[in-house]
Amino acid sequence: MKIICFGDSLTRGVSLVKGRLRIMKENYPSFLQSFFPSDNEEDHVEVVNKGVFNDNSDLLIERLEKDVISQKPDYTIIGIGGNDCNFKWDEVAKNPNQHHEPIVPIEQYLENVKTLIFSIKNSGITPIIMNLPPLDPVRYYKFIAEKFGPSISHWISSVGGIEHWHGLYNRSLNKLVNELEVLKIDVRTAIKDAGDFIDLISDDGIHLTSNGYKVLSNEVYQQLIRMMNIKKGTV
């Protein structure tokens, strides 16, 4: 069986380590692979990491055929949204009193997710949606203010900033998935319930630590096993 993990830097395994963004060996697809037995050839599971740093739902559609459909997996776990609801902070810093839209407006984001789901389904692959992991807004704002300057603070306070949009996109994604009756894995709640964000979310406030990725992957594994058992009729 083949599982493709399809998404952005949270799928790829990026974390802020000692002030620099790095790709972690301890990413969620690698943890997920380690949870499946490696000595059973009959029930062998291959987990493939198709996460790309800074991707959004527009970019996932562009590489859907190459990275997913042509690979013919059994399951594809889609994790996308954090970059869609983010902003071009350099433009916000230059014009903090102007109106700014998220990088991918929410209507387009939801349409993109629908396109991904239907394209994957129509190719005989089972899509699974992973919702947005939580962020740590205080550390995130500190991170972007250090990078782009304090002029963004006024704009953030007036519109709710990434925390508002992040929650809105996640709620809208959950609603869409429920309406379409698509399989979903709630990693957001799992990480919130797992402990202190200092231990689970890296210093940029948005990427996960090794411990955070392990919590995420454990939830993915548990839910995958449940879904597979239901499909086999063993539950």
# chains A, B, ... in the order shown; residues from 1 in each chain; ligands from 1
$ select_by_dssp --residues "stretch 2-231 of chain A" --states "strand (DSSP E)" --output "number ranges by chain"
A: 2-7, 14-17, 20-23, 46-51, 75-79, 126-130, 183-185
$ write_last_selection --atoms "N, CA, C and O atoms" --output "short mmCIF file (atom, residue, chain, number, x, y, z; two decimals), in the first residue's frame"
data_model
loop_
_atom_site.label_atom_id
_atom_site.label_comp_id
_atom_site.auth_asym_id
_atom_site.auth_seq_id
_atom_site.Cartn_x
_atom_site.Cartn_y
_atom_site.Cartn_z
N LYS A 2 0.45 2.24 -0.76
CA LYS A 2 1.21 3.48 -0.83
C LYS A 2 0.36 4.64 -0.31
O LYS A 2 -0.81 4.79 -0.67
N ILE A 3 0.98 5.47 0.54
CA ILE A 3 0.34 6.68 1.08
C ILE A 3 1.21 7.87 0.68
O ILE A 3 2.41 7.89 0.96
N ILE A 4 0.61 8.85 0.02
CA ILE A 4 1.33 10.08 -0.30
C ILE A 4 0.88 11.19 0.64
O ILE A 4 -0.32 11.44 0.80
N CYS A 5 1.84 11.83 1.29
CA CYS A 5 1.59 12.99 2.14
C CYS A 5 1.84 14.22 1.27
O CYS A 5 2.99 14.49 0.87
N PHE A 6 0.79 14.96 0.97
CA PHE A 6 0.81 16.02 -0.05
C PHE A 6 0.50 17.35 0.61
O PHE A 6 -0.57 17.53 1.18
N GLY A 7 1.47 18.27 0.58
CA GLY A 7 1.20 19.54 1.25
C GLY A 7 2.35 20.51 1.20
O GLY A 7 3.16 20.51 0.26
N VAL A 14 9.59 21.25 7.89
CA VAL A 14 10.40 22.42 8.18
C VAL A 14 10.22 22.85 9.64
O VAL A 14 9.12 22.76 10.20
N SER A 15 11.31 23.32 10.25
CA SER A 15 11.27 23.83 11.62
C SER A 15 12.31 24.94 11.76
O SER A 15 13.32 24.94 11.04
N LEU A 16 12.05 25.89 12.65
CA LEU A 16 13.04 26.93 12.93
C LEU A 16 13.98 26.42 14.02
O LEU A 16 13.57 26.19 15.15
N VAL A 17 15.24 26.24 13.66
CA VAL A 17 16.24 25.71 14.58
C VAL A 17 17.41 26.69 14.66
O VAL A 17 18.05 26.99 13.65
N ARG A 20 17.28 29.52 12.15
CA ARG A 20 17.24 29.22 10.72
C ARG A 20 16.19 28.15 10.43
O ARG A 20 16.02 27.20 11.21
N LEU A 21 15.48 28.31 9.31
CA LEU A 21 14.53 27.30 8.89
C LEU A 21 15.29 26.12 8.30
O LEU A 21 16.11 26.27 7.40
N ARG A 22 15.00 24.93 8.82
CA ARG A 22 15.69 23.72 8.37
C ARG A 22 14.66 22.62 8.10
O ARG A 22 13.57 22.62 8.68
N ILE A 23 15.03 21.71 7.22
CA ILE A 23 14.20 20.54 6.97
C ILE A 23 14.61 19.45 7.96
O ILE A 23 15.76 19.03 7.99
N GLU A 46 4.18 1.94 2.10
CA GLU A 46 5.17 2.94 1.68
C GLU A 46 4.58 4.33 1.88
O GLU A 46 3.51 4.64 1.34
N VAL A 47 5.26 5.16 2.65
CA VAL A 47 4.82 6.54 2.88
C VAL A 47 5.76 7.47 2.11
O VAL A 47 6.98 7.41 2.28
N VAL A 48 5.19 8.30 1.25
CA VAL A 48 5.97 9.19 0.38
C VAL A 48 5.72 10.64 0.77
O VAL A 48 4.57 11.08 0.87
N ASN A 49 6.79 11.38 0.99
CA ASN A 49 6.70 12.79 1.38
C ASN A 49 6.71 13.67 0.13
O ASN A 49 7.72 13.79 -0.55
N LYS A 50 5.57 14.29 -0.15
CA LYS A 50 5.45 15.23 -1.26
C LYS A 50 5.07 16.62 -0.72
O LYS A 50 4.20 17.30 -1.25
N GLY A 51 5.75 17.01 0.34
CA GLY A 51 5.57 18.35 0.89
C GLY A 51 6.59 19.30 0.30
O GLY A 51 7.76 18.93 0.12
N TYR A 75 -3.85 6.05 -0.79
CA TYR A 75 -4.36 7.18 -0.02
C TYR A 75 -3.48 8.41 -0.28
O TYR A 75 -2.27 8.27 -0.45
N THR A 76 -4.11 9.57 -0.27
CA THR A 76 -3.37 10.83 -0.31
C THR A 76 -3.85 11.72 0.83
O THR A 76 -5.04 12.04 0.91
N ILE A 77 -2.93 12.08 1.71
CA ILE A 77 -3.26 12.96 2.83
C ILE A 77 -2.91 14.39 2.42
O ILE A 77 -1.74 14.71 2.18
N ILE A 78 -3.91 15.25 2.33
CA ILE A 78 -3.72 16.63 1.89
C ILE A 78 -3.64 17.53 3.11
O ILE A 78 -4.58 17.61 3.91
N GLY A 79 -2.52 18.23 3.25
CA GLY A 79 -2.35 19.20 4.34
C GLY A 79 -1.98 20.54 3.77
O GLY A 79 -0.82 20.76 3.41
N THR A 126 -8.02 7.44 -2.61
CA THR A 126 -8.81 7.95 -1.48
C THR A 126 -8.15 9.20 -0.90
O THR A 126 -7.03 9.13 -0.39
N PRO A 127 -8.84 10.36 -0.98
CA PRO A 127 -8.28 11.58 -0.37
C PRO A 127 -8.61 11.66 1.11
O PRO A 127 -9.70 11.27 1.53
N ILE A 128 -7.67 12.16 1.88
CA ILE A 128 -7.89 12.42 3.30
C ILE A 128 -7.42 13.85 3.57
O ILE A 128 -6.30 14.21 3.21
N ILE A 129 -8.27 14.64 4.19
CA ILE A 129 -7.91 16.03 4.51
C ILE A 129 -7.38 16.12 5.93
O ILE A 129 -8.01 15.63 6.87
N MET A 130 -6.22 16.74 6.06
CA MET A 130 -5.65 17.04 7.37
C MET A 130 -5.90 18.53 7.63
O MET A 130 -5.54 19.37 6.81
N LEU A 183 -12.95 11.97 4.22
CA LEU A 183 -12.21 11.57 5.42
C LEU A 183 -11.35 12.73 5.90
O LEU A 183 -10.73 13.44 5.11
N LYS A 184 -11.31 12.92 7.23
CA LYS A 184 -10.56 14.05 7.81
C LYS A 184 -9.79 13.58 9.03
O LYS A 184 -10.26 12.74 9.80
N ILE A 185 -8.61 14.17 9.21
CA ILE A 185 -7.81 13.92 10.41
C ILE A 185 -7.62 15.25 11.14
O ILE A 185 -7.08 16.20 10.58
#
$ residues_around --residues "A:Phe87" --least-positions-apart "4" --cutoff "10 Å" --atoms "only C-alpha atoms" --output "PyMOL selection string"
chain A and resi 83+91-92+100-104+161-162+165
$ residues_around --residues "stretch 95-98 of chain A" --least-positions-apart "2" --cutoff "10 Å" --atoms "only C-alpha atoms" --output "list in words"
Trp89, Asp90, Glu91, Val92, Ala93, His100, Ser151, Ile152, Ser153, His154, Trp155, Ile156 and Ser158 of chain A
$ write_last_selection --atoms "N, CA, C and O atoms" --output "PDB file, in the first residue's frame"
ATOM      1  N   TRP A  89       3.853  39.910   3.751  1.00  0.00           N
ATOM      2  CA  TRP A  89       4.182  40.814   4.850  1.00  0.00           C
ATOM      3  C   TRP A  89       5.062  41.979   4.418  1.00  0.00           C
ATOM      4  O   TRP A  89       5.009  43.045   5.032  1.00  0.00           O
ATOM      5  N   ASP A  90       5.835  41.819   3.362  1.00  0.00           N
ATOM      6  CA  ASP A  90       6.619  42.952   2.877  1.00  0.00           C
ATOM      7  C   ASP A  90       5.714  44.058   2.354  1.00  0.00           C
ATOM      8  O   ASP A  90       5.971  45.251   2.568  1.00  0.00           O
ATOM      9  N   GLU A  91       4.607  43.676   1.693  1.00  0.00           N
ATOM     10  CA  GLU A  91       3.653  44.674   1.203  1.00  0.00           C
ATOM     11  C   GLU A  91       2.868  45.298   2.354  1.00  0.00           C
ATOM     12  O   GLU A  91       2.576  46.498   2.336  1.00  0.00           O
ATOM     13  N   VAL A  92       2.530  44.483   3.350  1.00  0.00           N
ATOM     14  CA  VAL A  92       1.839  45.019   4.538  1.00  0.00           C
ATOM     15  C   VAL A  92       2.735  46.024   5.247  1.00  0.00           C
ATOM     16  O   VAL A  92       2.275  47.099   5.661  1.00  0.00           O
ATOM     17  N   ALA A  93       4.017  45.715   5.372  1.00  0.00           N
ATOM     18  CA  ALA A  93       4.955  46.603   6.058  1.00  0.00           C
ATOM     19  C   ALA A  93       5.101  47.940   5.335  1.00  0.00           C
ATOM     20  O   ALA A  93       5.214  48.997   5.968  1.00  0.00           O
ATOM     21  N   HIS A 100      -5.415  44.560   2.635  1.00  0.00           N
ATOM     22  CA  HIS A 100      -4.604  43.459   2.127  1.00  0.00           C
ATOM     23  C   HIS A 100      -5.408  42.168   2.185  1.00  0.00           C
ATOM     24  O   HIS A 100      -6.128  41.912   3.145  1.00  0.00           O
ATOM     25  N   SER A 151       6.078  48.176  11.652  1.00  0.00           N
ATOM     26  CA  SER A 151       4.947  48.859  11.007  1.00  0.00           C
ATOM     27  C   SER A 151       3.764  47.927  10.767  1.00  0.00           C
ATOM     28  O   SER A 151       2.635  48.394  10.549  1.00  0.00           O
ATOM     29  N   ILE A 152       3.999  46.621  10.791  1.00  0.00           N
ATOM     30  CA  ILE A 152       2.887  45.688  10.574  1.00  0.00           C
ATOM     31  C   ILE A 152       1.983  45.564  11.796  1.00  0.00           C
ATOM     32  O   ILE A 152       0.863  45.056  11.690  1.00  0.00           O
ATOM     33  N   SER A 153       2.457  46.029  12.948  1.00  0.00           N
ATOM     34  CA  SER A 153       1.688  45.846  14.189  1.00  0.00           C
ATOM     35  C   SER A 153       0.328  46.524  14.130  1.00  0.00           C
ATOM     36  O   SER A 153      -0.678  45.966  14.593  1.00  0.00           O
ATOM     37  N   HIS A 154       0.278  47.727  13.577  1.00  0.00           N
ATOM     38  CA  HIS A 154      -0.999  48.449  13.477  1.00  0.00           C
ATOM     39  C   HIS A 154      -1.978  47.664  12.622  1.00  0.00           C
ATOM     40  O   HIS A 154      -3.150  47.501  12.978  1.00  0.00           O
ATOM     41  N   TRP A 155      -1.506  47.171  11.501  1.00  0.00           N
ATOM     42  CA  TRP A 155      -2.401  46.437  10.597  1.00  0.00           C
ATOM     43  C   TRP A 155      -2.881  45.144  11.252  1.00  0.00           C
ATOM     44  O   TRP A 155      -4.061  44.805  11.184  1.00  0.00           O
ATOM     45  N   ILE A 156      -1.978  44.441  11.900  1.00  0.00           N
ATOM     46  CA  ILE A 156      -2.344  43.193  12.569  1.00  0.00           C
ATOM     47  C   ILE A 156      -3.422  43.434  13.620  1.00  0.00           C
ATOM     48  O   ILE A 156      -4.411  42.707  13.701  1.00  0.00           O
ATOM     49  N   SER A 158      -5.598  45.736  13.716  1.00  0.00           N
ATOM     50  CA  SER A 158      -6.865  46.219  13.154  1.00  0.00           C
ATOM     51  C   SER A 158      -7.674  45.129  12.464  1.00  0.00           C
ATOM     52  O   SER A 158      -8.892  45.258  12.318  1.00  0.00           O
TER      53      SER A 158
END
$ select_by_dssp --residues "stretch 26-232 of chain A" --states "alpha helix (DSSP H)" --output "JSON, numbers by chain"
{"A": [28, 29, 30, 31, 32, 33, 34, 35, 57, 58, 59, 60, 61, 62, 64, 65, 66, 67, 89, 90, 91, 92, 93, 94, 106, 107, 108, 109, 110, 111, 112, 113, 114, 115, 116, 117, 118, 119, 120, 121, 122, 137, 138, 139, 140, 141, 142, 143, 144, 145, 146, 147, 148, 152, 153, 154, 155, 156, 157, 158, 159, 161, 162, 163, 164, 165, 166, 167, 168, 169, 170, 171, 172, 173, 174, 175, 176, 177, 178, 179, 180, 187, 188, 189, 190, 191, 192, 197, 198, 199, 200, 210, 211, 212, 213, 214, 215, 216, 217, 218, 219, 220, 221, 222, 223, 224, 225, 226, 227, 228, 229, 230, 231, 232]}
$ atom_distance --atom1 "atom CA of A:Ala190" --atom2 "atom CA of A:Cys85"
21.2 Å
$ closest_residue --among "A:Pro73, A:His44, A:Asn131, A:Gly195" --to "A:Asn174" --atoms "only C-alpha atoms"
A:Asn131
$ residues_around --residues "A:Val187" --least-positions-apart "2" --cutoff "10 Å" --atoms "only C-alpha atoms" --output "tab-separated table (two decimals) with N, CA and C atoms, in the first residue's frame"
chain	number	residue	atom	x	y	z
A	130	MET	N	-6.22	16.74	6.06
A	130	MET	CA	-5.65	17.04	7.37
A	130	MET	C	-5.90	18.53	7.63
A	131	ASN	N	-6.53	18.85	8.75
A	131	ASN	CA	-6.81	20.26	9.00
A	131	ASN	C	-5.55	21.01	9.43
A	132	LEU	N	-5.68	22.30	9.69
A	132	LEU	CA	-4.51	23.14	9.95
A	132	LEU	C	-4.02	22.95	11.38
A	133	PRO	N	-2.75	22.58	11.56
A	133	PRO	CA	-2.20	22.55	12.91
A	133	PRO	C	-2.27	23.95	13.54
A	134	PRO	N	-2.35	24.04	14.86
A	134	PRO	CA	-2.43	25.36	15.49
A	134	PRO	C	-1.13	26.13	15.35
A	184	LYS	N	-11.31	12.92	7.23
A	184	LYS	CA	-10.56	14.05	7.81
A	184	LYS	C	-9.79	13.58	9.03
A	185	ILE	N	-8.61	14.17	9.21
A	185	ILE	CA	-7.81	13.92	10.41
A	185	ILE	C	-7.62	15.25	11.14
A	189	THR	N	-6.65	19.64	16.98
A	189	THR	CA	-7.05	19.32	18.34
A	189	THR	C	-6.01	18.45	19.03
A	190	ALA	N	-5.44	17.50	18.29
A	190	ALA	CA	-4.43	16.60	18.87
A	190	ALA	C	-3.24	17.37	19.39
A	191	ILE	N	-2.77	18.36	18.63
A	191	ILE	CA	-1.60	19.14	19.05
A	191	ILE	C	-1.97	20.07	20.22
A	192	LYS	N	-3.15	20.67	20.16
A	192	LYS	CA	-3.59	21.53	21.25
A	192	LYS	C	-3.69	20.75	22.57
A	193	ASP	N	-4.08	19.49	22.47
A	193	ASP	CA	-4.27	18.68	23.67
A	193	ASP	C	-2.98	18.02	24.16
A	215	VAL	N	3.69	14.17	17.43
A	215	VAL	CA	2.30	14.18	17.87
A	215	VAL	C	1.37	14.16	16.66
A	216	LEU	N	1.69	15.00	15.66
A	216	LEU	CA	0.87	15.06	14.45
A	216	LEU	C	0.83	13.70	13.76
A	217	SER	N	2.00	13.09	13.59
A	217	SER	CA	2.06	11.81	12.86
A	217	SER	C	1.37	10.70	13.63
A	218	ASN	N	1.44	10.73	14.94
A	218	ASN	CA	0.75	9.72	15.74
A	218	ASN	C	-0.76	9.80	15.55
A	219	GLU	N	-1.28	11.03	15.50
A	219	GLU	CA	-2.71	11.20	15.26
A	219	GLU	C	-3.08	10.72	13.86
A	220	VAL	N	-2.24	11.06	12.88
A	220	VAL	CA	-2.48	10.59	11.51
A	220	VAL	C	-2.50	9.07	11.47
A	223	GLN	N	-5.66	7.53	13.17
A	223	GLN	CA	-6.87	7.73	12.36
A	223	GLN	C	-6.82	6.92	11.07
$ decode --residues "stretch 224-235 of chain A" --atoms "all heavy atoms" --output "PDB file, in the first residue's frame"
ATOM      1  N   LEU A 224      -5.630   6.793  10.485  1.00  0.00           N
ATOM      2  CA  LEU A 224      -5.480   5.969   9.282  1.00  0.00           C
ATOM      3  C   LEU A 224      -5.840   4.513   9.564  1.00  0.00           C
ATOM      4  O   LEU A 224      -6.562   3.877   8.783  1.00  0.00           O
ATOM      5  CB  LEU A 224      -4.041   6.046   8.772  1.00  0.00           C
ATOM      6  CG  LEU A 224      -3.712   7.057   7.685  1.00  0.00           C
ATOM      7  CD1 LEU A 224      -2.208   7.034   7.403  1.00  0.00           C
ATOM      8  CD2 LEU A 224      -4.490   6.808   6.409  1.00  0.00           C
ATOM      9  N   ILE A 225      -5.323   3.985  10.665  1.00  0.00           N
ATOM     10  CA  ILE A 225      -5.627   2.603  11.030  1.00  0.00           C
ATOM     11  C   ILE A 225      -7.124   2.418  11.216  1.00  0.00           C
ATOM     12  O   ILE A 225      -7.713   1.416  10.767  1.00  0.00           O
ATOM     13  CB  ILE A 225      -4.865   2.202  12.317  1.00  0.00           C
ATOM     14  CG1 ILE A 225      -3.357   2.171  12.049  1.00  0.00           C
ATOM     15  CG2 ILE A 225      -5.354   0.855  12.841  1.00  0.00           C
ATOM     16  CD1 ILE A 225      -2.932   1.176  10.995  1.00  0.00           C
ATOM     17  N   ARG A 226      -7.749   3.387  11.883  1.00  0.00           N
ATOM     18  CA  ARG A 226      -9.214   3.312  12.073  1.00  0.00           C
ATOM     19  C   ARG A 226      -9.941   3.305  10.733  1.00  0.00           C
ATOM     20  O   ARG A 226     -10.845   2.495  10.500  1.00  0.00           O
ATOM     21  CB  ARG A 226      -9.678   4.490  12.933  1.00  0.00           C
ATOM     22  CG  ARG A 226     -11.173   4.486  13.242  1.00  0.00           C
ATOM     23  CD  ARG A 226     -11.580   5.725  14.022  1.00  0.00           C
ATOM     24  NE  ARG A 226     -11.394   6.927  13.227  1.00  0.00           N
ATOM     25  CZ  ARG A 226     -12.283   7.374  12.342  1.00  0.00           C
ATOM     26  NH1 ARG A 226     -13.418   6.713  12.141  1.00  0.00           N
ATOM     27  NH2 ARG A 226     -12.057   8.477  11.667  1.00  0.00           N
ATOM     28  N   MET A 227      -9.528   4.207   9.810  1.00  0.00           N
ATOM     29  CA  MET A 227     -10.164   4.285   8.487  1.00  0.00           C
ATOM     30  C   MET A 227      -9.957   3.001   7.693  1.00  0.00           C
ATOM     31  O   MET A 227     -10.875   2.512   7.024  1.00  0.00           O
ATOM     32  CB  MET A 227      -9.592   5.477   7.719  1.00  0.00           C
ATOM     33  CG  MET A 227      -9.953   6.828   8.294  1.00  0.00           C
ATOM     34  SD  MET A 227      -8.968   8.151   7.504  1.00  0.00           S
ATOM     35  CE  MET A 227      -9.442   9.575   8.487  1.00  0.00           C
ATOM     36  N   MET A 228      -8.743   2.451   7.762  1.00  0.00           N
ATOM     37  CA  MET A 228      -8.448   1.213   7.023  1.00  0.00           C
ATOM     38  C   MET A 228      -9.260   0.055   7.563  1.00  0.00           C
ATOM     39  O   MET A 228      -9.750  -0.781   6.795  1.00  0.00           O
ATOM     40  CB  MET A 228      -6.952   0.910   7.121  1.00  0.00           C
ATOM     41  CG  MET A 228      -6.067   1.871   6.371  1.00  0.00           C
ATOM     42  SD  MET A 228      -4.304   1.539   6.702  1.00  0.00           S
ATOM     43  CE  MET A 228      -3.552   2.917   5.837  1.00  0.00           C
ATOM     44  N   ASN A 229      -9.414  -0.010   8.872  1.00  0.00           N
ATOM     45  CA  ASN A 229     -10.186  -1.084   9.480  1.00  0.00           C
ATOM     46  C   ASN A 229     -11.660  -0.998   9.107  1.00  0.00           C
ATOM     47  O   ASN A 229     -12.325  -2.009   8.877  1.00  0.00           O
ATOM     48  CB  ASN A 229     -10.020  -1.092  10.994  1.00  0.00           C
ATOM     49  CG  ASN A 229      -8.657  -1.583  11.418  1.00  0.00           C
ATOM     50  OD1 ASN A 229      -7.971  -2.292  10.689  1.00  0.00           O
ATOM     51  ND2 ASN A 229      -8.231  -1.209  12.616  1.00  0.00           N
ATOM     52  N   ILE A 230     -12.175   0.235   9.066  1.00  0.00           N
ATOM     53  CA  ILE A 230     -13.564   0.437   8.638  1.00  0.00           C
ATOM     54  C   ILE A 230     -13.736  -0.008   7.188  1.00  0.00           C
ATOM     55  O   ILE A 230     -14.724  -0.679   6.837  1.00  0.00           O
ATOM     56  CB  ILE A 230     -13.964   1.914   8.819  1.00  0.00           C
ATOM     57  CG1 ILE A 230     -14.071   2.268  10.299  1.00  0.00           C
ATOM     58  CG2 ILE A 230     -15.291   2.203   8.101  1.00  0.00           C
ATOM     59  CD1 ILE A 230     -14.298   3.739  10.572  1.00  0.00           C
ATOM     60  N   LYS A 231     -12.763   0.325   6.367  1.00  0.00           N
ATOM     61  CA  LYS A 231     -12.832  -0.053   4.939  1.00  0.00           C
ATOM     62  C   LYS A 231     -12.795  -1.570   4.775  1.00  0.00           C
ATOM     63  O   LYS A 231     -13.468  -2.144   3.915  1.00  0.00           O
ATOM     64  CB  LYS A 231     -11.660   0.584   4.188  1.00  0.00           C
ATOM     65  CG  LYS A 231     -11.780   0.516   2.676  1.00  0.00           C
ATOM     66  CD  LYS A 231     -10.686   1.315   2.005  1.00  0.00           C
ATOM     67  CE  LYS A 231     -10.855   1.300   0.485  1.00  0.00           C
ATOM     68  NZ  LYS A 231      -9.796   2.121  -0.182  1.00  0.00           N
ATOM     69  N   LYS A 232     -11.998  -2.241   5.632  1.00  0.00           N
ATOM     70  CA  LYS A 232     -11.908  -3.708   5.576  1.00  0.00           C
ATOM     71  C   LYS A 232     -13.121  -4.385   6.225  1.00  0.00           C
ATOM     72  O   LYS A 232     -13.316  -5.585   6.078  1.00  0.00           O
ATOM     73  CB  LYS A 232     -10.648  -4.179   6.306  1.00  0.00           C
ATOM     74  CG  LYS A 232      -9.350  -3.804   5.607  1.00  0.00           C
ATOM     75  CD  LYS A 232      -8.159  -4.250   6.460  1.00  0.00           C
ATOM     76  CE  LYS A 232      -6.831  -3.844   5.844  1.00  0.00           C
ATOM     77  NZ  LYS A 232      -5.690  -4.217   6.715  1.00  0.00           N
ATOM     78  N   GLY A 233     -13.913  -3.596   6.976  1.00  0.00           N
ATOM     79  CA  GLY A 233     -15.050  -4.167   7.673  1.00  0.00           C
ATOM     80  C   GLY A 233     -14.701  -4.894   8.941  1.00  0.00           C
ATOM     81  O   GLY A 233     -15.456  -5.749   9.428  1.00  0.00           O
ATOM     82  N   THR A 234     -13.539  -4.518   9.526  1.00  0.00           N
ATOM     83  CA  THR A 234     -13.101  -5.166  10.757  1.00  0.00           C
ATOM     84  C   THR A 234     -13.482  -4.370  12.003  1.00  0.00           C
ATOM     85  O   THR A 234     -13.100  -4.733  13.108  1.00  0.00           O
ATOM     86  CB  THR A 234     -11.580  -5.394  10.752  1.00  0.00           C
ATOM     87  OG1 THR A 234     -10.907  -4.132  10.579  1.00  0.00           O
ATOM     88  CG2 THR A 234     -11.200  -6.351   9.626  1.00  0.00           C
ATOM     89  N   VAL A 235     -14.173  -3.257  11.813  1.00  0.00           N
ATOM     90  CA  VAL A 235     -14.620  -2.459  12.953  1.00  0.00           C
ATOM     91  C   VAL A 235     -16.134  -2.394  12.955  1.00  0.00           C
ATOM     92  O   VAL A 235     -16.748  -2.201  11.918  1.00  0.00           O
ATOM     93  CB  VAL A 235     -14.048  -1.016  12.860  1.00  0.00           C
ATOM     94  CG1 VAL A 235     -14.666  -0.161  13.973  1.00  0.00           C
ATOM     95  CG2 VAL A 235     -12.554  -1.028  12.998  1.00  0.00           C
TER      96      VAL A 235
END
